[in-house]
$ cat work.cif   # mmCIF, C-alpha atoms
data_data
#
loop_
_atom_site.label_atom_id
_atom_site.label_comp_id
_atom_site.auth_asym_id
_atom_site.auth_seq_id
_atom_site.Cartn_x
_atom_site.Cartn_y
_atom_site.Cartn_z
CA GLY A 27 -19.09 -16.94 81.93
CA VAL A 28 -19.17 -17.71 78.24
CA PHE A 29 -17.62 -20.87 76.87
CA LEU A 30 -16.01 -20.72 73.44
CA LEU A 31 -14.52 -23.62 71.52
CA ALA A 32 -12.62 -23.11 68.30
CA VAL A 33 -12.03 -26.17 66.18
CA GLY A 34 -10.12 -26.46 62.98
CA ALA A 35 -7.87 -23.59 62.00
CA LEU A 36 -7.05 -25.73 58.98
CA ASN A 37 -4.21 -24.10 57.11
CA LEU A 38 -3.09 -25.37 53.72
CA MET A 39 -0.07 -23.80 52.01
CA LEU A 40 1.21 -24.67 48.57
CA ALA A 41 3.89 -23.01 46.47
CA ALA A 42 3.64 -22.41 42.75
CA MET A 43 7.32 -23.33 42.44
CA PRO A 44 9.72 -25.28 44.70
CA VAL A 45 10.41 -22.44 47.14
CA MET A 46 11.59 -23.24 50.66
CA ALA A 47 10.53 -21.20 53.69
CA GLU A 48 14.06 -19.80 53.94
CA ASP A 49 13.93 -18.53 50.37
CA VAL A 50 11.02 -16.10 50.68
CA VAL A 51 10.14 -13.76 53.49
CA LEU A 52 6.42 -13.08 53.37
CA ARG A 53 6.25 -10.13 55.66
CA CYS A 54 4.19 -7.25 54.42
CA ALA A 55 6.65 -7.16 51.59
CA PRO A 56 9.35 -9.75 50.93
CA THR A 57 12.96 -9.18 51.89
CA PHE A 58 16.02 -11.41 51.58
CA VAL A 59 14.37 -13.12 48.61
CA ASP A 60 16.72 -15.32 46.62
CA ARG A 61 14.34 -16.26 43.84
CA PRO A 62 13.14 -13.79 41.20
CA ALA A 63 9.46 -14.59 41.81
CA ALA A 64 7.24 -16.79 43.94
CA LEU A 65 3.58 -17.34 44.72
CA ASP A 66 2.10 -18.88 47.85
CA TRP A 67 -1.51 -19.40 48.80
CA SER A 68 -3.28 -20.40 51.96
CA VAL A 69 -6.78 -21.62 52.89
CA THR A 70 -7.94 -21.45 56.52
CA GLY A 71 -11.11 -22.78 58.12
CA VAL A 72 -12.34 -22.32 61.69
CA SER A 73 -15.34 -23.79 63.55
CA GLN A 74 -16.56 -22.31 66.86
CA VAL A 75 -19.28 -23.10 69.40
CA SER A 76 -20.42 -21.25 72.51
CA ASN A 77 -22.72 -21.86 75.46
CA ASP A 78 -24.26 -18.41 74.89
CA ASP A 79 -27.79 -18.86 73.52
CA ALA A 80 -27.37 -15.67 71.47
CA ALA A 81 -24.34 -17.09 69.61
CA ASP A 82 -25.09 -19.98 67.26
CA PRO A 83 -22.34 -22.40 66.16
CA ASP A 84 -20.11 -20.86 63.55
CA ALA A 85 -17.86 -21.80 60.64
CA THR A 86 -15.64 -19.29 58.84
CA GLY A 87 -13.13 -19.50 56.03
CA SER A 88 -10.54 -17.38 54.31
CA PHE A 89 -8.17 -17.50 51.36
CA ASP A 90 -4.89 -15.69 50.67
CA ALA A 91 -2.64 -15.50 47.64
CA VAL A 92 0.68 -13.75 48.17
CA GLY A 93 3.21 -13.16 45.42
CA HIS A 94 6.38 -11.21 44.77
CA MET A 95 8.51 -10.41 41.75
CA ARG A 96 11.95 -8.88 41.56
CA ALA A 97 11.82 -5.36 40.08
CA GLY A 98 15.12 -3.50 39.79
CA PRO A 99 16.86 -3.29 43.16
CA GLY A 100 13.70 -4.26 45.05
CA PHE A 101 10.54 -6.32 44.89
CA LEU A 102 6.93 -5.83 43.87
CA PHE A 103 4.60 -7.43 46.41
CA VAL A 104 0.93 -8.31 45.77
CA GLN A 105 -1.66 -9.90 48.06
CA ALA A 106 -5.20 -10.98 47.18
CA GLU A 107 -7.59 -12.41 49.74
CA GLY A 108 -11.14 -13.55 50.25
CA SER A 109 -13.30 -14.56 53.19
CA THR A 110 -16.75 -15.72 54.18
CA SER A 111 -19.34 -13.11 55.15
CA GLU A 112 -19.93 -11.59 58.57
CA ASN A 113 -21.86 -14.00 60.79
CA ARG A 114 -24.01 -11.79 62.96
CA GLY A 115 -25.79 -13.83 65.58
CA ARG A 116 -23.09 -16.50 65.44
CA VAL A 117 -19.97 -16.89 67.55
CA SER A 118 -17.61 -14.84 65.37
CA GLY A 119 -20.21 -12.07 65.12
CA GLN A 120 -21.14 -11.98 68.79
CA PHE A 121 -17.56 -12.38 70.00
CA PRO A 122 -15.34 -10.79 67.30
CA LEU A 123 -12.24 -10.94 69.49
CA SER A 124 -12.41 -14.72 69.58
CA ASN A 125 -11.62 -15.17 65.88
CA ALA A 126 -9.13 -12.89 64.17
CA ASP A 127 -9.62 -14.77 60.91
CA ALA A 128 -13.34 -14.10 60.46
CA ALA A 129 -14.82 -11.69 57.87
CA THR A 130 -11.45 -10.31 56.84
CA ALA A 131 -12.49 -9.36 53.29
CA VAL A 132 -16.07 -8.08 53.14
CA ASP A 133 -17.99 -5.36 51.31
CA GLU A 134 -20.06 -2.51 52.79
CA ASP A 135 -22.89 -4.91 53.61
CA GLY A 136 -20.66 -7.44 55.33
CA ASN A 137 -20.75 -9.92 52.44
CA GLY A 138 -17.61 -11.91 51.75
CA ARG A 139 -15.61 -11.03 48.66
CA ILE A 140 -12.24 -11.41 46.96
CA GLN A 141 -10.17 -8.24 47.10
CA LEU A 142 -6.72 -6.93 46.26
CA SER A 143 -5.37 -6.05 49.70
CA GLN A 144 -1.76 -5.05 49.10
CA VAL A 145 0.29 -3.80 46.17
CA ASN A 146 3.58 -2.23 47.18
CA TYR A 147 7.25 -1.94 46.36
CA THR A 148 9.98 -2.82 48.87
CA GLN A 149 13.73 -2.37 48.82
CA VAL A 150 16.18 -3.59 51.47
CA ASN A 151 19.89 -3.25 52.03
CA GLU A 152 22.25 -3.50 55.01
CA THR A 153 21.38 -0.10 56.47
CA PHE A 154 17.74 0.55 55.63
CA ALA A 155 14.52 -0.83 54.16
CA PHE A 156 11.50 0.97 52.74
CA ALA A 157 8.08 0.05 51.39
CA ALA A 158 5.49 2.22 49.62
CA GLY A 159 2.07 1.66 48.09
CA LEU A 160 -1.05 -0.11 49.32
CA LEU A 161 0.04 -1.85 52.50
CA ASP A 162 -0.91 -2.93 56.00
CA PRO A 163 0.54 -0.65 58.73
CA SER A 164 0.45 -3.39 61.33
CA CYS A 165 2.95 -5.39 59.32
CA TYR A 166 5.67 -2.92 60.26
CA LEU A 167 4.84 -2.25 63.91
CA ASP A 168 4.28 -4.23 67.13
CA PHE A 169 5.80 -7.51 65.93
CA SER A 170 6.07 -10.73 67.92
CA ASP A 171 7.69 -14.00 66.92
CA ILE A 172 5.09 -16.05 68.81
CA ALA A 173 1.94 -13.90 68.94
CA ASN A 174 1.47 -12.29 65.57
CA ASP A 175 -0.31 -14.72 63.28
CA GLU A 176 -3.85 -15.94 63.85
CA THR A 177 -3.37 -19.04 61.70
CA ARG A 178 -0.03 -20.13 63.19
CA ASP A 179 0.11 -18.67 66.68
CA PHE A 180 -3.11 -17.69 68.50
CA LEU A 181 -6.54 -17.37 66.89
CA ALA A 182 -7.92 -14.65 69.19
CA GLN A 183 -7.32 -11.01 68.26
CA PRO A 184 -5.79 -9.88 71.59
CA PHE A 185 -2.86 -12.21 70.92
CA THR A 186 -2.06 -11.02 67.42
CA ASN A 187 -1.40 -7.34 68.14
CA ASN A 188 -1.72 -4.56 70.66
CA LEU A 189 -5.41 -3.71 70.79
CA ALA A 190 -4.76 -0.13 71.94
CA ILE A 191 -3.26 0.88 68.57
CA ALA A 192 -5.75 2.40 66.08
CA PHE A 193 -4.23 0.89 62.95
CA PRO A 194 -5.92 1.71 59.63
CA ASP A 195 -6.94 -1.14 57.38
CA TYR A 196 -4.96 -1.69 54.15
CA THR A 197 -4.03 1.86 53.26
CA LEU A 198 -1.89 4.07 51.02
CA GLY A 199 1.40 4.95 52.68
CA GLY A 200 5.02 4.15 53.26
CA ALA A 201 7.43 2.76 55.83
CA VAL A 202 11.16 3.22 56.42
CA HIS A 203 13.26 1.03 58.69
CA LEU A 204 16.75 2.18 59.68
CA HIS A 205 19.39 -0.20 61.06
CA LEU A 206 20.98 2.16 63.58
CA GLU A 207 23.37 -0.39 65.05
CA GLN A 208 23.78 -4.16 64.95
CA THR A 209 21.07 -4.65 67.59
CA LEU A 210 19.16 -1.37 67.28
CA GLY A 211 16.60 -0.25 64.69
CA LEU A 212 14.04 2.48 64.06
CA THR A 213 10.84 2.16 62.02
CA LEU A 214 8.96 5.23 60.75
CA PHE A 215 5.51 4.88 59.21
CA LEU A 216 3.18 7.40 57.51
CA SER A 217 -0.11 6.73 55.73
CA SER A 218 -3.69 7.82 55.24
CA SER A 219 -5.79 7.41 58.37
CA ASN A 220 -8.45 5.44 56.48
CA GLY A 221 -7.81 2.10 54.85
CA LEU A 222 -9.90 0.01 52.50
CA GLY A 223 -12.19 -1.33 55.22
CA ASP A 224 -12.42 1.93 57.18
CA ASN A 225 -14.55 3.72 54.58
CA ASP A 226 -18.34 3.57 54.30
CA LYS A 227 -18.32 1.80 50.94
CA ALA A 228 -15.18 -0.30 51.56
CA SER A 229 -14.25 0.65 47.98
CA TYR A 230 -11.04 1.58 46.20
CA SER A 231 -12.50 4.92 45.11
CA ASN A 232 -13.00 5.79 48.80
CA LEU A 233 -9.50 4.52 49.54
CA VAL A 234 -7.73 6.84 47.09
CA ASP A 235 -9.77 9.87 48.18
CA VAL A 236 -7.37 10.63 51.03
CA THR A 237 -8.59 14.24 51.40
CA ASP A 238 -12.22 13.35 52.10
CA SER A 239 -13.84 15.07 55.08
CA GLY A 240 -12.93 13.54 58.43
CA LYS A 241 -9.81 11.80 57.17
CA GLY A 242 -6.27 12.47 58.32
CA VAL A 243 -2.99 10.60 58.65
CA PHE A 244 -1.69 7.68 60.65
CA ALA A 245 1.91 8.12 61.79
CA ALA A 246 4.11 6.01 64.06
CA ALA A 247 7.69 5.60 65.21
CA GLU A 248 9.02 2.41 66.79
CA LEU A 249 12.42 1.72 68.35
CA THR A 250 13.58 -1.91 68.49
CA ALA A 251 16.48 -3.45 70.40
CA HIS A 252 17.78 -7.01 70.50
CA GLY A 253 19.92 -8.86 72.98
CA ALA A 254 19.03 -11.38 75.65
CA PHE A 255 15.50 -10.03 75.13
CA ASN A 256 13.76 -8.23 72.26
CA TYR A 257 12.39 -4.79 73.15
CA ARG A 258 9.96 -2.53 71.32
CA LEU A 259 8.82 0.96 72.21
CA GLY A 260 6.54 2.97 69.96
CA VAL A 261 4.31 6.02 69.69
CA TRP A 262 1.52 6.65 67.20
CA VAL A 263 -1.19 9.12 66.22
CA ASN A 264 -4.29 8.77 64.04
CA SER A 265 -5.65 12.21 63.09
CA ARG A 266 -8.98 11.15 61.58
CA ASP A 267 -12.12 12.55 63.24
CA PHE A 268 -12.90 10.14 66.07
CA GLU A 269 -16.12 10.82 67.93
CA ASN A 270 -15.71 11.75 71.56
CA LEU A 271 -17.00 8.94 73.79
CA ASP A 272 -18.65 11.36 76.22
CA ASN A 273 -19.93 13.83 73.61
CA PRO A 274 -20.61 12.45 70.11
CA ASP A 275 -20.85 16.00 68.74
CA ASP A 276 -17.12 16.51 69.38
CA THR A 277 -14.24 14.87 67.54
CA ASP A 278 -10.61 14.37 68.45
CA ASN A 279 -7.47 12.58 67.32
CA ASP A 280 -6.49 9.22 68.72
CA TYR A 281 -2.90 8.66 69.88
CA GLY A 282 -0.98 6.41 72.19
CA ILE A 283 2.14 4.63 73.30
CA TYR A 284 3.00 0.93 73.36
CA GLY A 285 5.80 -1.45 74.17
CA SER A 286 6.70 -5.11 74.26
CA LEU A 287 9.27 -7.46 75.75
CA GLU A 288 9.96 -10.88 74.28
CA SER A 289 12.24 -13.82 74.97
CA ASP A 290 13.17 -16.23 72.18
CA ALA A 291 14.99 -18.58 74.53
CA ARG A 292 13.82 -22.13 73.96
CA PRO A 293 12.03 -24.28 74.87
CA LEU A 294 9.81 -21.72 76.63
CA ARG A 295 9.24 -18.54 74.62
CA TRP A 296 7.15 -15.62 75.86
CA ASN A 297 5.94 -12.13 74.98
CA ILE A 298 4.46 -9.27 77.00
CA ARG A 299 2.63 -6.33 75.39
CA ILE A 300 1.31 -3.13 76.96
CA GLY A 301 -0.33 -0.07 75.43
CA ALA A 302 -2.42 3.01 76.14
CA ALA A 303 -4.55 5.25 73.92
CA ASN A 304 -6.51 8.52 74.18
CA PRO A 305 -9.36 7.68 76.60
CA ASP A 306 -11.53 10.46 75.16
CA VAL A 307 -12.05 8.54 71.90
CA SER A 308 -10.58 5.06 72.35
CA GLU A 309 -12.78 2.48 74.02
CA THR A 310 -9.63 0.46 74.67
CA ALA A 311 -7.85 3.03 76.83
CA GLY A 312 -5.35 0.49 78.11
CA PHE A 313 -4.21 -2.95 77.07
CA ALA A 314 -1.90 -5.69 78.36
CA ALA A 315 -1.29 -9.23 77.14
CA ALA A 316 1.08 -12.08 77.94
CA THR A 317 1.67 -15.11 75.74
CA MET A 318 3.98 -18.10 75.85
CA THR A 319 4.62 -21.16 73.72
CA PHE A 320 6.35 -24.44 74.50
CA PRO A 321 6.86 -27.84 72.86
CA LEU A 322 4.38 -30.59 73.59
CA GLY A 323 5.73 -33.76 72.05
CA GLU A 324 6.09 -33.14 68.33
CA HIS A 325 3.73 -30.16 68.50
CA MET A 326 3.70 -26.66 69.97
CA ALA A 327 1.32 -25.51 72.70
CA GLY A 328 0.55 -22.01 73.92
CA LEU A 329 -1.00 -20.14 76.81
CA ALA A 330 -2.15 -16.51 76.72
CA VAL A 331 -4.03 -13.95 78.77
CA SER A 332 -5.01 -10.34 78.03
CA TYR A 333 -6.65 -7.37 79.72
CA GLN A 334 -8.44 -4.40 78.17
CA HIS A 335 -9.09 -1.30 80.26
CA ALA A 336 -12.27 0.44 79.12
CA ALA A 337 -12.31 4.24 78.89
CA ASP A 338 -14.03 5.98 81.80
CA ASP A 339 -16.44 7.71 79.41
CA LEU A 340 -17.35 4.53 77.55
CA ASP A 341 -20.95 4.67 78.78
CA GLY A 342 -21.14 8.46 78.48
CA ASP A 343 -24.75 9.63 78.69
CA GLY A 344 -26.12 6.16 78.40
CA ASP A 345 -25.07 5.49 74.82
CA GLY A 346 -21.32 5.04 75.24
CA GLY A 347 -20.71 7.78 72.72
CA GLN A 348 -22.22 5.49 70.10
CA PRO A 349 -25.48 6.88 68.76
CA ASP A 350 -27.48 4.48 66.62
CA GLY A 351 -26.05 4.02 63.17
CA LYS A 352 -22.52 5.03 64.13
CA ARG A 353 -19.55 2.71 64.09
CA PRO A 354 -17.70 2.08 67.35
CA LYS A 355 -14.60 4.08 68.12
CA ASN A 356 -11.21 2.48 68.64
CA ILE A 357 -12.31 -0.86 70.05
CA GLY A 358 -10.35 -2.59 67.41
CA TRP A 359 -11.33 -4.76 64.55
CA GLY A 360 -8.06 -6.54 64.40
CA ARG A 361 -5.80 -7.33 61.55
CA ARG A 362 -4.80 -10.59 60.11
CA ARG A 363 -1.57 -12.15 59.14
CA ARG A 364 -0.55 -15.35 57.51
CA LEU A 365 2.11 -17.28 55.62
CA ARG A 366 4.64 -16.23 58.23
CA GLN A 367 8.09 -17.63 57.76
CA ASN A 368 11.46 -16.84 59.35
CA PRO A 369 14.22 -17.11 56.75
CA ALA A 370 17.64 -18.49 57.40
CA GLY A 371 20.45 -16.06 56.80
CA ALA A 372 18.38 -12.97 57.60
CA ASN A 373 20.28 -12.37 60.84
CA ASP A 374 16.91 -11.69 62.49
CA SER A 375 16.93 -8.24 60.89
CA CYS A 376 13.61 -8.93 59.21
CA HIS A 377 10.82 -11.27 60.05
CA SER A 378 8.19 -12.42 57.66
CA GLY A 379 4.49 -12.57 57.97
CA ARG A 380 1.59 -10.40 57.23
CA ARG A 381 -1.57 -9.58 58.75
CA ARG A 382 -4.85 -8.17 57.91
CA ARG A 383 -7.67 -6.86 59.91
CA ARG A 384 -11.38 -7.17 60.14
CA ARG A 385 -12.73 -4.09 58.45
CA ARG A 386 -14.67 -1.66 60.60
CA GLN A 387 -18.41 -1.69 60.23
CA ALA A 388 -19.84 0.97 57.95
CA ASP A 389 -21.42 4.07 59.44
CA ASN A 390 -24.86 3.02 58.26
CA ARG A 391 -24.83 -0.22 60.25
CA LYS A 392 -25.44 -0.86 63.93
CA PRO A 393 -22.11 -1.79 65.56
CA SER A 394 -21.54 -5.12 67.22
CA PRO A 395 -21.38 -4.88 71.04
CA ARG A 396 -17.82 -6.18 71.09
CA SER A 397 -14.66 -5.85 68.97
CA ARG A 398 -10.99 -4.61 68.56
CA HIS A 399 -7.63 -4.01 66.46
CA ARG A 400 -4.24 -5.97 65.62
CA GLY A 401 -0.12 -5.70 63.61
CA ARG A 402 3.35 -7.05 62.55
CA GLY A 403 6.82 -5.69 62.97
CA HIS A 404 10.21 -5.09 61.45
CA ASP A 405 13.13 -5.86 63.72
CA GLY A 406 16.29 -3.83 64.18
#

$ encode --input "work.cif" --output "structure tokens"
Amino acid sequence: GVFLLAVGALNLMLAAMPVMAEDVVLRCAPTFVDRPAALDWSVTGVSQVSNDDAADPDATGSFDAVGHMRAGPGFLFVQAEGSTSENRGRVSGQFPLSNADAATAVDEDGNGRIQLSQVNYTQVNETFAFAAGLLDPSCYLDFSDIANDETRDFLAQPFTNNLAIAFPDYTLGGAVHLHLEQTLGLTLFLSSSNGLGDNDKASYSNLVDVTDSGKGVFAAAELTAHGAFNYRLGVWVNSRDFENLDNPDDTDNDYGIYGSLESDARPLRWNIRIGAANPDVSETAGFAAATMTFPLGEHMAGLAVSYQHAADDLDGDGDGGQPDGKRPKNIGWGRRRRLRQNPAGANDSCHSGRRRRRRRQADNRKPSPRSRHRGRGHDG
């Protein structure tokens, strides 16, 4: 067994103006915003140690600045972020799933940088909401109130999103959420299959070249229902050229189904996620996770467990479908979220928060032996 200890997760949030948590919803794009503009920023630090001799002690950090401004009937949303570099040979590099906040903004060589991660426009009314521009798909899908934010909920990637979903990184696209009934909603999402961190150069020129060879679309539909429990059921497809695990010369689309069940009843709150993906290309062919939180004095405590089912062809002909120099398939590089708030007066129709995800390693670099994906949702 491997022992991991994460210390810190220091999170500092300051507002540029006196804005209360109820006033601004920092989802992927703000909704139910009473003020014409606001800016929040957050700094997070994490220290980790392991008893694995191949994983040296580790320290990672990240920075986020999230702002919105009223523009006509909607809002313009902007997010900038930065992070420390990839730490290969250290805990976060050897065990990427253990720290969903590590190396979230890096260049093609894995060096930390400051980047513009989201720029999009959002409009919300009583019957529908939409967002378009540069955005994070996982902000609109697979949401949980207790297991969605690596700086406020759980640090490990399996407890921030469903690892079976092949979300793109920050990408060009759009989302529409329809309020079908008082307790029922439908979210539709369509974007490029490749986000900022999914391209070889991790550059904006690669990002806007949506017709480049091997690229496709990411599309998803999610039905949400609320009552004594919160239910989610979704389907998705990513049509980029994924290498076949058993035969690297073949490519195929990735697709899957997922669902979740959550109870907000206090003091004990819990969430269960399940998901499945195309086992021909997705190393995470099946996924399940259970999380719960409860008060412990003046603080909150949590317990969580997850299971990933590896594809039968993962080892293929001895190389797991991963020839040298190729990035891993859909084993998930997670996405991140922060500054999550739940506004008063929103009638639970929208929840805030955002996430981001560790960018996939470039094709010209040897993949790490472990890793995986993560997302946020928009309630009915």

$ atom_distance --input "work.cif" --atom1 "CA of Phe101 (chain A)" --atom2 "CA of Asp195 (chain A)"
22.1 Å

$ resolve_selection --input "work.cif" --expression "the PyMOL selection byres ((chain A and resi 205) around 9)" --output "list in words"
Glu152, Thr153, Phe154, Ala155, His203, Leu204, Leu206, Glu207, Gln208, Thr209, Leu210, Gly211, Leu212, Thr213, Ser375, Asp405 and Gly406 of chain A

$ resolve_selection --input "work.cif" --expression "the PyMOL selection byres ((chain A and resi 81) around 8)" --output "PyMOL selection string"
chain A and resi 75-80+82-83+115-117+119-120

$ atom_distance --input "work.cif" --atom1 "CA of Gly221 (chain A)" --atom2 "CA of Leu233 (chain A)"
6.1 Å

$ atom_distance --input "work.cif" --atom1 "CA of Ala330 (chain A)" --atom2 "CA of Phe180 (chain A)"
8.4 Å

$ resolve_selection --input "work.cif" --expression "the PyMOL selection byres ((chain A and resi 251-266) around 8)" --output "PyMOL selection string"
chain A and resi 168+191-193+209-211+219-220+240-250+267-268+278-290+405-406

$ write_last_selection --input "work.cif" --atoms "C-alpha atoms" --output "short mmCIF file (atom, residue, chain, number, x, y, z; two decimals), in the coordinates of the input"
data_model
loop_
_atom_site.label_atom_id
_atom_site.label_comp_id
_atom_site.auth_asym_id
_atom_site.auth_seq_id
_atom_site.Cartn_x
_atom_site.Cartn_y
_atom_site.Cartn_z
CA ASP A 168 4.28 -4.23 67.13
CA ILE A 191 -3.26 0.88 68.57
CA ALA A 192 -5.75 2.40 66.08
CA PHE A 193 -4.23 0.89 62.95
CA THR A 209 21.07 -4.65 67.59
CA LEU A 210 19.16 -1.37 67.28
CA GLY A 211 16.60 -0.25 64.69
CA SER A 219 -5.79 7.41 58.37
CA ASN A 220 -8.45 5.44 56.48
CA GLY A 240 -12.93 13.54 58.43
CA LYS A 241 -9.81 11.80 57.17
CA GLY A 242 -6.27 12.47 58.32
CA VAL A 243 -2.99 10.60 58.65
CA PHE A 244 -1.69 7.68 60.65
CA ALA A 245 1.91 8.12 61.79
CA ALA A 246 4.11 6.01 64.06
CA ALA A 247 7.69 5.60 65.21
CA GLU A 248 9.02 2.41 66.79
CA LEU A 249 12.42 1.72 68.35
CA THR A 250 13.58 -1.91 68.49
CA ASP A 267 -12.12 12.55 63.24
CA PHE A 268 -12.90 10.14 66.07
CA ASP A 278 -10.61 14.37 68.45
CA ASN A 279 -7.47 12.58 67.32
CA ASP A 280 -6.49 9.22 68.72
CA TYR A 281 -2.90 8.66 69.88
CA GLY A 282 -0.98 6.41 72.19
CA ILE A 283 2.14 4.63 73.30
CA TYR A 284 3.00 0.93 73.36
CA GLY A 285 5.80 -1.45 74.17
CA SER A 286 6.70 -5.11 74.26
CA LEU A 287 9.27 -7.46 75.75
CA GLU A 288 9.96 -10.88 74.28
CA SER A 289 12.24 -13.82 74.97
CA ASP A 290 13.17 -16.23 72.18
CA ASP A 405 13.13 -5.86 63.72
CA GLY A 406 16.29 -3.83 64.18
#

$ residues_around --input "work.cif" --residues "Tyr230 (chain A)" --least-positions-apart "5" --cutoff "12 Å" --atoms "only C-alpha atoms" --output "number ranges by chain"
A: 133-134, 141-144, 160, 196-198, 220-225, 235-236

$ residues_near_point --input "work.cif" --point "(-7.1, -8.1, 72.4)" --cutoff "8 Å" --atoms "only C-alpha atoms" --output "list in words"
Leu123, Ala182, Gln183, Pro184, Phe185, Thr186, Asn187, Asn188, Leu189, Phe313, Ala315, Ser332, Tyr333, Gln334, Arg398, His399 and Arg400 of chain A

$ write_last_selection --input "work.cif" --atoms "C-alpha atoms" --output "PDB file, keeping the file's coordinate frame"
ATOM      1  CA  LEU A 123     -12.240 -10.940  69.490  1.00  0.00           C
ATOM      2  CA  ALA A 182      -7.920 -14.650  69.190  1.00  0.00           C
ATOM      3  CA  GLN A 183      -7.320 -11.010  68.260  1.00  0.00           C
ATOM      4  CA  PRO A 184      -5.790  -9.880  71.590  1.00  0.00           C
ATOM      5  CA  PHE A 185      -2.860 -12.210  70.920  1.00  0.00           C
ATOM      6  CA  THR A 186      -2.060 -11.020  67.420  1.00  0.00           C
ATOM      7  CA  ASN A 187      -1.400  -7.340  68.140  1.00  0.00           C
ATOM      8  CA  ASN A 188      -1.720  -4.560  70.660  1.00  0.00           C
ATOM      9  CA  LEU A 189      -5.410  -3.710  70.790  1.00  0.00           C
ATOM     10  CA  PHE A 313      -4.210  -2.950  77.070  1.00  0.00           C
ATOM     11  CA  ALA A 315      -1.290  -9.230  77.140  1.00  0.00           C
ATOM     12  CA  SER A 332      -5.010 -10.340  78.030  1.00  0.00           C
ATOM     13  CA  TYR A 333      -6.650  -7.370  79.720  1.00  0.00           C
ATOM     14  CA  GLN A 334      -8.440  -4.400  78.170  1.00  0.00           C
ATOM     15  CA  ARG A 398     -10.990  -4.610  68.560  1.00  0.00           C
ATOM     16  CA  HIS A 399      -7.630  -4.010  66.460  1.00  0.00           C
ATOM     17  CA  ARG A 400      -4.240  -5.970  65.620  1.00  0.00           C
TER      18      ARG A 400
END

$ residues_around --input "work.cif" --residues "Gln149 (chain A)" --least-positions-apart "6" --cutoff "8 Å" --atoms "all atoms listed in the file" --output "short mmCIF file (atom, residue, chain, number, x, y, z; two decimals) with C-alpha atoms, in the coordinates of the input"
data_model
loop_
_atom_site.label_atom_id
_atom_site.label_comp_id
_atom_site.auth_asym_id
_atom_site.auth_seq_id
_atom_site.Cartn_x
_atom_site.Cartn_y
_atom_site.Cartn_z
CA THR A 57 12.96 -9.18 51.89
CA PRO A 99 16.86 -3.29 43.16
CA GLY A 100 13.70 -4.26 45.05
CA PHE A 101 10.54 -6.32 44.89
CA ALA A 155 14.52 -0.83 54.16
CA PHE A 156 11.50 0.97 52.74
CA ALA A 157 8.08 0.05 51.39
#

$ closest_residue --input "work.cif" --among "A:Leu161, A:Leu214, A:Leu65, A:Ile172" --to "Leu329 (chain A)" --atoms "only C-alpha atoms"
A:Ile172

$ residues_around --input "work.cif" --residues "region 135-139 of chain A" --least-positions-apart "4" --cutoff "7 Å" --atoms "all atoms listed in the file" --output "number ranges by chain"
A: 108-112, 129, 131

$ closest_residue --input "work.cif" --among "A:Gly98, A:Pro62, A:Gly71, A:Pro321" --to "Glu176 (chain A)" --atoms "only C-alpha atoms"
A:Gly71

$ residues_around --input "work.cif" --residues "Asp276 (chain A)" --least-positions-apart "3" --cutoff "12 Å" --atoms "all atoms listed in the file" --output "JSON, numbers by chain"
{"A": [267, 268, 269, 270, 271, 272, 273, 279, 306, 307, 347]}

$ write_last_selection --input "work.cif" --atoms "C-alpha atoms" --output "PDB file, keeping the file's coordinate frame"
ATOM      1  CA  ASP A 267     -12.120  12.550  63.240  1.00  0.00           C
ATOM      2  CA  PHE A 268     -12.900  10.140  66.070  1.00  0.00           C
ATOM      3  CA  GLU A 269     -16.120  10.820  67.930  1.00  0.00           C
ATOM      4  CA  ASN A 270     -15.710  11.750  71.560  1.00  0.00           C
ATOM      5  CA  LEU A 271     -17.000   8.940  73.790  1.00  0.00           C
ATOM      6  CA  ASP A 272     -18.650  11.360  76.220  1.00  0.00           C
ATOM      7  CA  ASN A 273     -19.930  13.830  73.610  1.00  0.00           C
ATOM      8  CA  ASN A 279      -7.470  12.580  67.320  1.00  0.00           C
ATOM      9  CA  ASP A 306     -11.530  10.460  75.160  1.00  0.00           C
ATOM     10  CA  VAL A 307     -12.050   8.540  71.900  1.00  0.00           C
ATOM     11  CA  GLY A 347     -20.710   7.780  72.720  1.00  0.00           C
TER      12      GLY A 347
END

$ decode --input "work.cif" --residues "region 270-283 of chain A" --atoms "C-alpha atoms" --output "PDB file, in the first residue's frame"
ATOM      1  CA  ASN A 270      -7.761   2.029 -29.625  1.00  0.00           C
ATOM      2  CA  LEU A 271      -6.343   0.459 -26.459  1.00  0.00           C
ATOM      3  CA  ASP A 272      -5.830  -2.918 -28.125  1.00  0.00           C
ATOM      4  CA  ASN A 273      -4.660  -1.595 -31.508  1.00  0.00           C
ATOM      5  CA  PRO A 274      -2.966   1.837 -31.518  1.00  0.00           C
ATOM      6  CA  ASP A 275      -3.290   1.992 -35.319  1.00  0.00           C
ATOM      7  CA  ASP A 276      -7.080   2.256 -34.998  1.00  0.00           C
ATOM      8  CA  THR A 277      -9.062   5.200 -33.664  1.00  0.00           C
ATOM      9  CA  ASP A 278     -12.579   5.493 -32.338  1.00  0.00           C
ATOM     10  CA  ASN A 279     -14.916   7.903 -30.579  1.00  0.00           C
ATOM     11  CA  ASP A 280     -15.357   7.871 -26.832  1.00  0.00           C
ATOM     12  CA  TYR A 281     -18.871   7.934 -25.367  1.00  0.00           C
ATOM     13  CA  GLY A 282     -20.653   6.992 -22.202  1.00  0.00           C
ATOM     14  CA  ILE A 283     -23.436   7.333 -19.683  1.00  0.00           C
TER      15      ILE A 283
END
